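Chemist: So here's start-v2.txt, just compact mmCIF, C-alpha atoms:
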```txt
# COMPACT_ATOMS: atom_id res chain seq x y z
CA MET Q 1 -0.32 -21.31 5.64
CA LEU Q 2 -0.57 -18.04 3.74
CA HIS Q 3 -1.92 -16.84 0.41
CA THR Q 4 -1.29 -13.26 -0.74
CA ARG Q 5 -2.03 -11.46 -3.99
CA ILE Q 6 -2.58 -8.08 -5.56
CA VAL Q 7 -5.60 -8.29 -7.85
CA ASP Q 8 -5.56 -5.99 -10.89
CA ILE Q 9 -9.15 -4.91 -11.45
CA LYS Q 10 -8.48 -4.55 -15.18
CA LYS Q 11 -8.04 -8.33 -15.34
CA GLU Q 12 -10.20 -9.79 -12.55
CA LYS Q 13 -11.86 -9.09 -9.22
CA ILE Q 14 -11.55 -10.45 -5.69
CA GLU Q 15 -13.65 -13.58 -5.27
CA ILE Q 16 -14.73 -14.89 -1.87
CA ILE Q 17 -15.04 -18.44 -3.19
CA LYS Q 18 -11.27 -18.59 -3.72
CA ALA Q 19 -10.74 -17.68 -0.07
CA GLU Q 20 -13.27 -20.31 1.03
CA LYS Q 21 -11.39 -23.00 -0.84
CA PHE Q 22 -7.99 -21.88 0.45
CA ILE Q 23 -8.84 -21.68 4.16
CA ALA Q 24 -10.96 -24.85 4.27
CA SER Q 25 -9.37 -27.19 6.82
CA ASN Q 26 -10.58 -30.00 9.03
CA LYS Q 27 -8.16 -28.76 11.69
CA CYS Q 28 -9.96 -25.41 12.01
CA GLY Q 29 -13.27 -24.84 13.77
CA ALA Q 30 -13.66 -21.11 13.08
CA SER Q 31 -13.41 -18.92 9.99
CA ILE Q 32 -13.64 -15.13 9.73
CA TYR Q 33 -13.93 -13.13 6.53
CA PHE Q 34 -13.01 -9.44 6.66
CA ILE Q 35 -14.28 -7.76 3.51
CA GLY Q 36 -13.39 -4.14 2.88
CA THR Q 37 -15.66 -2.33 0.39
CA VAL Q 38 -15.90 1.18 -1.02
CA ARG Q 39 -18.52 3.29 0.76
CA ASN Q 40 -20.42 6.22 -0.72
CA LEU Q 41 -19.68 8.94 1.84
CA ASN Q 42 -16.45 10.17 3.39
CA ASN Q 43 -15.97 13.46 5.25
CA ASN Q 44 -19.39 14.59 3.97
CA LYS Q 45 -18.33 14.07 0.36
CA GLN Q 46 -20.32 11.87 -2.04
CA VAL Q 47 -17.90 9.20 -3.21
CA ILE Q 48 -18.62 7.40 -6.49
CA ALA Q 49 -15.42 5.35 -6.91
CA MET Q 50 -11.99 4.66 -5.47
CA THR Q 51 -8.61 4.12 -7.11
CA TYR Q 52 -6.11 1.91 -5.30
CA ASP Q 53 -2.43 2.19 -6.07
CA SER Q 54 0.21 -0.12 -4.66
CA HIS Q 55 3.91 -0.92 -4.68
CA ASP Q 56 3.25 -4.57 -5.49
CA ALA Q 57 6.55 -6.10 -4.39
CA LEU Q 58 6.52 -4.19 -1.11
CA VAL Q 59 2.88 -5.09 -0.51
CA ILE Q 60 3.54 -8.82 -0.81
CA LYS Q 61 6.63 -8.46 1.37
CA SER Q 62 4.58 -6.55 3.93
CA PHE Q 63 1.84 -9.23 3.97
CA GLU Q 64 4.49 -11.90 4.56
CA GLU Q 65 6.10 -9.88 7.35
CA ILE Q 66 2.72 -9.34 9.02
CA TYR Q 67 2.08 -13.08 8.78
CA GLU Q 68 5.48 -13.84 10.36
CA SER Q 69 4.84 -11.36 13.16
CA SER Q 70 1.38 -12.90 13.74
CA ILE Q 71 3.00 -16.30 14.24
CA LYS Q 72 5.43 -14.82 16.76
CA LYS Q 73 2.70 -12.87 18.53
CA PHE Q 74 -0.07 -15.48 18.71
CA ASN Q 75 1.55 -18.82 17.95
CA PHE Q 76 -1.83 -20.32 16.94
CA ASP Q 77 -1.59 -23.89 15.64
CA ASN Q 78 -2.84 -24.65 12.11
CA SER Q 79 -4.01 -21.13 11.30
CA VAL Q 80 -4.63 -20.35 7.63
CA VAL Q 81 -4.63 -16.83 6.16
CA PHE Q 82 -5.79 -15.59 2.75
CA ILE Q 83 -5.19 -11.95 1.78
CA GLU Q 84 -6.02 -10.29 -1.51
CA HIS Q 85 -6.02 -6.55 -2.18
CA ILE Q 86 -7.34 -4.76 -5.22
CA LYS Q 87 -5.36 -2.46 -7.51
CA GLY Q 88 -7.03 0.02 -9.84
CA LYS Q 89 -10.35 1.89 -9.92
CA ILE Q 90 -13.42 0.27 -8.37
CA LYS Q 91 -16.94 1.50 -7.70
CA ILE Q 92 -19.11 1.77 -4.60
CA GLY Q 93 -19.74 -1.59 -2.96
CA ASP Q 94 -16.88 -3.36 -4.72
CA ILE Q 95 -14.41 -5.35 -2.64
CA SER Q 96 -11.07 -3.64 -2.02
CA VAL Q 97 -9.58 -6.14 0.41
CA LEU Q 98 -10.40 -9.64 1.57
CA ILE Q 99 -8.78 -11.20 4.60
CA ALA Q 100 -9.97 -14.70 5.38
CA VAL Q 101 -8.60 -16.57 8.36
CA ALA Q 102 -9.27 -20.01 9.76
CA CYS Q 103 -8.16 -21.11 13.24
CA LYS Q 104 -8.89 -23.87 15.71
CA HIS Q 105 -11.07 -21.61 17.90
CA ARG Q 106 -13.31 -18.58 17.31
CA ASN Q 107 -11.45 -16.18 19.61
CA GLN Q 108 -8.24 -16.92 17.70
CA ALA Q 109 -9.92 -16.25 14.36
CA PHE Q 110 -11.36 -12.91 15.54
CA GLU Q 111 -8.02 -11.85 16.99
CA LEU Q 112 -6.02 -12.83 13.91
CA SER Q 113 -8.42 -11.17 11.47
CA ARG Q 114 -8.35 -7.88 13.41
CA PHE Q 115 -4.57 -8.04 13.69
CA PHE Q 116 -4.14 -8.36 9.91
CA ILE Q 117 -6.35 -5.46 8.86
CA GLU Q 118 -4.90 -3.12 11.50
CA GLU Q 119 -1.32 -3.99 10.55
CA ILE Q 120 -2.06 -3.61 6.83
CA LYS Q 121 -3.43 -0.12 7.48
CA LYS Q 122 -0.20 0.81 9.28
CA LYS Q 123 2.45 -1.00 7.26
CA THR Q 124 1.40 -1.89 3.73
CA PRO Q 125 2.16 0.53 0.86
CA ILE Q 126 -1.30 0.94 -0.62
CA TRP Q 127 -2.84 4.30 -1.47
CA LYS Q 128 -6.43 5.41 -2.03
CA LYS Q 129 -7.77 8.11 -4.32
CA GLU Q 130 -11.41 9.03 -3.86
CA HIS Q 131 -13.52 10.12 -6.82
CA TYR Q 132 -16.46 12.39 -5.98
CA LYS Q 133 -19.87 13.01 -7.46
CA ASN Q 134 -18.89 16.62 -8.29
CA GLY Q 135 -16.11 15.37 -10.58
CA ASN Q 136 -13.21 16.07 -8.22
CA SER Q 137 -10.85 13.47 -6.83
CA GLU Q 138 -8.17 13.40 -4.16
CA TRP Q 139 -5.60 11.09 -2.60
CA LEU Q 140 -6.40 10.34 1.02
CA GLU Q 141 -3.89 11.25 3.69
CA GLY Q 142 -2.26 8.34 5.45
CA ASN Q 143 0.52 7.27 7.77
CA SER Q 144 4.22 7.54 6.97
CA ILE Q 145 6.09 4.26 6.68
CA GLN Q 146 9.25 4.20 8.77
CA LYS Q 147 12.39 2.20 8.06
CA ASN Q 148 12.52 -0.90 10.30
CA MET Z 149 24.44 10.02 -12.22
CA ASN Z 150 20.90 9.33 -13.39
CA ILE Z 151 18.14 8.31 -11.03
CA LYS Z 152 14.69 7.08 -11.98
CA LEU Z 153 12.14 7.96 -9.30
CA GLU Z 154 9.07 5.69 -9.44
CA LEU Z 155 5.90 7.46 -8.35
CA PHE Z 156 3.27 5.93 -6.08
CA GLY Z 157 0.07 7.20 -4.48
CA ALA Z 158 -0.24 10.97 -4.19
CA SER Z 159 3.18 11.51 -5.80
CA LYS Z 160 1.67 10.32 -9.10
CA ASP Z 161 0.32 13.86 -9.42
CA PHE Z 162 3.91 15.07 -9.94
CA SER Z 163 4.02 13.75 -13.50
CA LYS Z 164 1.85 12.33 -16.26
CA ARG Z 165 4.34 9.45 -16.43
CA SER Z 166 4.83 6.90 -13.66
CA PHE Z 167 8.37 8.11 -12.99
CA ILE Z 168 10.62 11.20 -13.00
CA GLU Z 169 14.28 11.18 -13.96
CA PHE Z 170 16.83 13.16 -11.94
CA TYR Z 171 20.50 13.86 -12.40
CA LEU Z 172 22.41 13.79 -9.09
CA GLU Z 173 26.07 13.92 -8.11
CA GLU Z 174 27.84 10.55 -7.66
CA LYS Z 175 27.25 8.93 -4.24
CA SER Z 176 24.23 11.11 -3.54
CA THR Z 177 21.91 10.00 -0.79
CA ILE Z 178 18.14 9.93 -0.34
CA LYS Z 179 18.50 13.22 1.51
CA GLU Z 180 19.87 14.86 -1.65
CA LEU Z 181 17.23 13.18 -3.80
CA ARG Z 182 14.56 14.64 -1.52
CA VAL Z 183 16.09 18.12 -2.05
CA ALA Z 184 16.09 17.55 -5.82
CA ILE Z 185 12.39 16.59 -5.77
CA ILE Z 186 11.52 19.69 -3.76
CA LYS Z 187 13.42 21.76 -6.35
CA PHE Z 188 11.48 19.98 -9.12
CA ILE Z 189 8.22 20.97 -7.41
CA LYS Z 190 9.37 24.55 -7.01
CA ILE Z 191 10.11 24.78 -10.75
CA ASN Z 192 7.17 22.78 -12.11
CA PHE Z 193 4.39 23.36 -9.57
CA ASN Z 194 5.07 26.87 -8.26
CA ASP Z 195 6.35 25.60 -4.88
CA ASN Z 196 3.06 23.73 -4.23
CA GLU Z 197 2.91 23.33 -0.44
CA GLY Z 198 0.80 20.18 -0.59
CA TYR Z 199 3.27 18.47 -2.90
CA LYS Z 200 6.23 19.53 -0.73
CA LYS Z 201 4.45 18.10 2.30
CA ILE Z 202 4.06 14.77 0.46
CA VAL Z 203 7.80 14.67 -0.31
CA ASN Z 204 8.82 15.57 3.22
CA SER Z 205 6.55 12.93 4.75
CA SER Z 206 7.49 10.18 2.27
CA SER Z 207 9.82 7.25 2.72
CA PHE Z 208 11.90 5.84 -0.11
CA CYS Z 209 12.36 2.34 -1.41
CA SER Z 210 15.54 0.91 -2.99
CA TYR Z 211 15.72 -1.29 -6.09
CA LYS Z 212 15.90 -4.24 -3.66
CA ASN Z 213 12.42 -3.34 -2.41
CA GLU Z 214 13.65 -2.18 0.98
CA ILE Z 215 12.64 0.99 2.77
CA VAL Z 216 15.87 2.96 3.12
CA SER Z 217 16.99 5.82 5.36
CA ASP Z 218 17.96 9.35 4.29
CA ASN Z 219 21.64 8.31 4.52
CA TYR Z 220 21.25 5.55 1.91
CA LYS Z 221 23.74 6.03 -0.93
CA ILE Z 222 22.07 5.74 -4.32
CA SER Z 223 23.81 3.85 -7.13
CA ASN Z 224 24.10 5.04 -10.70
CA ASP Z 225 20.93 4.29 -12.67
CA GLU Z 226 19.20 3.00 -9.55
CA LYS Z 227 15.41 2.94 -9.56
CA ILE Z 228 14.10 4.48 -6.34
CA GLY Z 229 10.44 4.43 -5.30
CA ILE Z 230 8.85 7.29 -3.41
CA ILE Z 231 6.50 5.94 -0.75
CA PRO Z 232 4.04 8.61 0.41
CA PRO Z 233 2.05 8.09 3.63
CA ILE Z 234 -0.05 4.95 3.21
CA GLY Z 235 -3.71 4.24 3.86
CA GLY Z 236 -4.95 1.14 2.10
CA GLY Z 237 -7.51 -1.46 3.10
```
Please express what this file holds, its structure, as structure tokens.
Modeler:
Amino acid sequence: MLHTRIVDIKKEKIEIIKAEKFIASNKCGASIYFIGTVRNLNNNKQVIAMTYDSHDALVIKSFEEIYESSIKKFNFDNSVVFIEHIKGKIKIGDISVLIAVACKHRNQAFELSRFFIEEIKKKTPIWKKEHYKNGNSEWLEGNSIQKN
Amino acid sequence: MNIKLELFGASKDFSKRSFIEFYLEEKSTIKELRVAIIKFIKINFNDNEGYKKIVNSSSFCSYKNEIVSDNYKISNDEKIGIIPPIGGG
């Protein structure tokens, strides 16, 4: 079971309670929450905020493809996955991404959670622009997406 | 034919709007669109090397939300997205 969404910070924010409700299952004995937040220092620069841009349709498609590939790779029974990613400008400490997974066993939950965040970093069209204390800002370099 | 290039990530610095319009020959491909964007940067941003690097390392997305190759033939009035290197999360 999968939930995916891009959350526009102008309208709302990512809420952990929604993930808790979605992944709750009597069939699962382990839950992991991966919460990505904006930190205040990167490459010795004082960061005050981050803007996230996304190609929304491709992002959702990418989340679904990662989910499908996780089923093929792990074949865990009854796993539940909740993914939300922010869009827009957020400040230090705010949540940028939430990946909540529930599985039958703890090792499965750890493995699945790690798999999702690593695949998202490699495959999902989301971009970050850092805003610095000195007033400057810059888009962070990333990885090129290749045609499948 | 007219092409609307939707800007994402670092390519948003290419324009104050969220897209750029290009005129290309009929049956042009992504390869020719890439050349047209580089020309646009030469004219509007004094051949900015950083911007050219973004274009050369970007992928492109069709109106069907599929990443397409450089040989992809663009349709008239098609909306194409430029997908710079990614780094979310």
Chemist: When the cut-off is 12 Å and we count only C-alpha atoms, which residues of chain Q are near chain Z, given as a PyMOL selection string?
Modeler: chain Q and resi 6+34-38+50-62+83-88+95-99+116-130+137-148
Chemist: Which distance in Å separates CA of Ile151 in chain Z and CA of Lys175 in chain Z, to one decimal?
Modeler: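 Rounded to one decimal, the two atoms are 11.4 Å apart.
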Chemist: Which of these residues is nearest to Ser79 in chain Q, using only C-alpha atoms: Q:Ser113, Q:Gln46, Q:Met1, Q:Lys13?
Modeler: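 Among Q:Ser113, Q:Gln46, Q:Met1, Q:Lys13, it is Q:Met1 that comes nearest to Ser79 in chain Q.
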Chemist: What does the distance between CA of His131 in chain Q and CA of Glu197 in chain Z come to in Å, to one decimal place?
Modeler: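 Distance between the two atoms: 22.0 Å.
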Chemist: List the residues sitting within 12 Å of (-5.1, -22.9, 14.8) in the file's frame, using all atoms listed in the file, as a ChimeraX atom specification.
Modeler: /Q:1,23,25-31,70-71,74-81,101-112
Chemist: So the first atom is CA of Ile222 in chain Z and the second is CA of Thr177 in chain Z; what is the distance between them in Å, to one decimal place?
Modeler: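 So the two atoms, CA of Ile222 in chain Z and CA of Thr177 in chain Z, lie 5.5 Å apart.
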Chemist: Of the candidates Z:Met149, Z:Ile186, Z:Val203, Z:Ile168, which one gets nearest to Ser223 in chain Z if we count all atoms listed in the file?
Modeler: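 Comparing Z:Met149, Z:Ile186, Z:Val203, Z:Ile168 against Ser223 in chain Z, the winner is Z:Met149.
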Chemist: Counting all atoms listed in the file, figure out which residue out of Z:Leu172, Z:Asp225, Z:Phe162, Z:Asn150 gets nearest to Ile191 in chain Z.
Modeler: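 Between Z:Leu172, Z:Asp225, Z:Phe162, Z:Asn150, the residue approaching Ile191 in chain Z most closely is Z:Phe162.
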Chemist: Determine the nearest neighbour of Glu15 in chain Q from the options Q:Lys73, Q:Phe115, Q:Tyr33, Q:Arg39, counting all atoms listed in the file.
Modeler: Q:Tyr33
Chemist: Using only C-alpha atoms, pick whichever of Z:Lys164, Z:Lys152, Z:Lys201, Z:Arg182 has the shortest atom-to-atom distance to Tyr220 in chain Z.
Modeler: Z:Arg182
Chemist: From the options Q:Phe82, Q:Glu65, Q:Val7, Q:Tyr132, which residue's atoms come nearest to Ala19 in chain Q, counting all atoms listed in the file?
Modeler: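 For Ala19 in chain Q, the nearest of the candidates is Q:Phe82.
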